[in-house]
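Heads up, the thing below is written out as structure tokens.
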Amino acid sequence: MVLASGAGTRVGAHLNKVYLPLAGRRIASWSLSAFAAVPGIGVLVLVTRPQDAELVEEVLADQEVPVEVVHGGGTRQESELNALRHLGNRIADGSVDAVLLHDGARPLVTPKLITEVLRVAREHGGAMPGLAADDVFAGDGKTLGPRPRGRVVRAQTPQGFRAAPLLAAYEQAAREGFEGTDTASVMERFSDLPVHWVPGEERNFKVTYPHDLVVAGQVLG
């Protein structure tokens with residue numbers, strides 16, 4: 001599941017940032033192609049906004065495998081739930097056993113990382129890639145204190161989970177009006193599945209600001 005239904009205004013563009021051009025393709029196209037290259041991925045879902053229909057068609061035309069399109073909701077979590085409900089019958093019959101949720105603004109994710117997240121999610125129930133945040137320190141807004149105790153991790157996507165517990169957790173979150181910070185936070189609250197850390201990749205950064213787009217282009221170039 002590649003999420004492309006946000007606005008992404010911080011990058012300074014007039015359109016949804018996941019459709020900005022990057023090395024001859026749209027950003028979202030790179031994300032989809034990485035997933036399409038993984039043999040264990042059976043269904044590709046692109047979560048979009050209705051107003052981006054023309055850009056979505058351009059991205060779909062760039063793919064070598066079929067991509068199913070689902071319209072997102074008012075929040076990221078609603079968008080994810082819409083996509084999970086779209087897969088509901090296949091989750092129920094077991095043909096979709098695990099779901100990976102990926103931010104479409106991370107175009108440099110590699111098939112290797114996707115494969116590992118999928119493997120760990122299937123084996124343990126949940127998987128999340130991340131990098132040690134050695135540059136994170138505590139502070140009160142005026143002074144800088146020591147780094148928080150314990151290991152601090154910068155989370156990445158895709159985050160992967162067994163499909164049936166994931167859908168159940170999202171449905172319960174919707175009933176209770178709970179809005180999590182990400183997929184893992186919803187699972188932590190409404191599921192007892194363990195979430196295992198997977199080593200992330202430095203290149204798997206999120207395109208948030210204009211200079212990120214320049215860096216991504218240099219990596220792909």
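Numbering starts fresh at 1 for the residues of each chain in the structure tokens, the chains themselves are lettered A, B, ... in the order given, and ligands are numbered from 1 as they appear.
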Residues of stretch 51-201 of chain A in helix (DSSP H, G or I), written as a PyMOL selection string: chain A and resi 51-61+76-86+88-92+111-124+163-176+183-190
Every residue of stretch 15-135 of chain A that DSSP places in strand (DSSP E or B), as a PyMOL selection string: chain A and resi 21-22+25-26+45-48+68-71+98-103+126-132
Nearest residue to A:Val69 from the set A:Ser5, A:Asn204, A:Thr110, A:Ser95 (distances using only C-alpha atoms):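 Using only C-alpha atoms, the shortest distance to A:Val69 belongs to A:Ser5.
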A:Glu116 environment, 9 Å, only C-alpha atoms, sequence neighbours closer than 5 positions dropped, as a list in words: Pro111, Ala121, Ala127 and Val198 of chain A
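Distances to A:Thr181 were evaluated for A:Arg76, A:Arg119, A:Lys17, A:His102 using only C-alpha atoms, and the minimum falls at A:Arg76.
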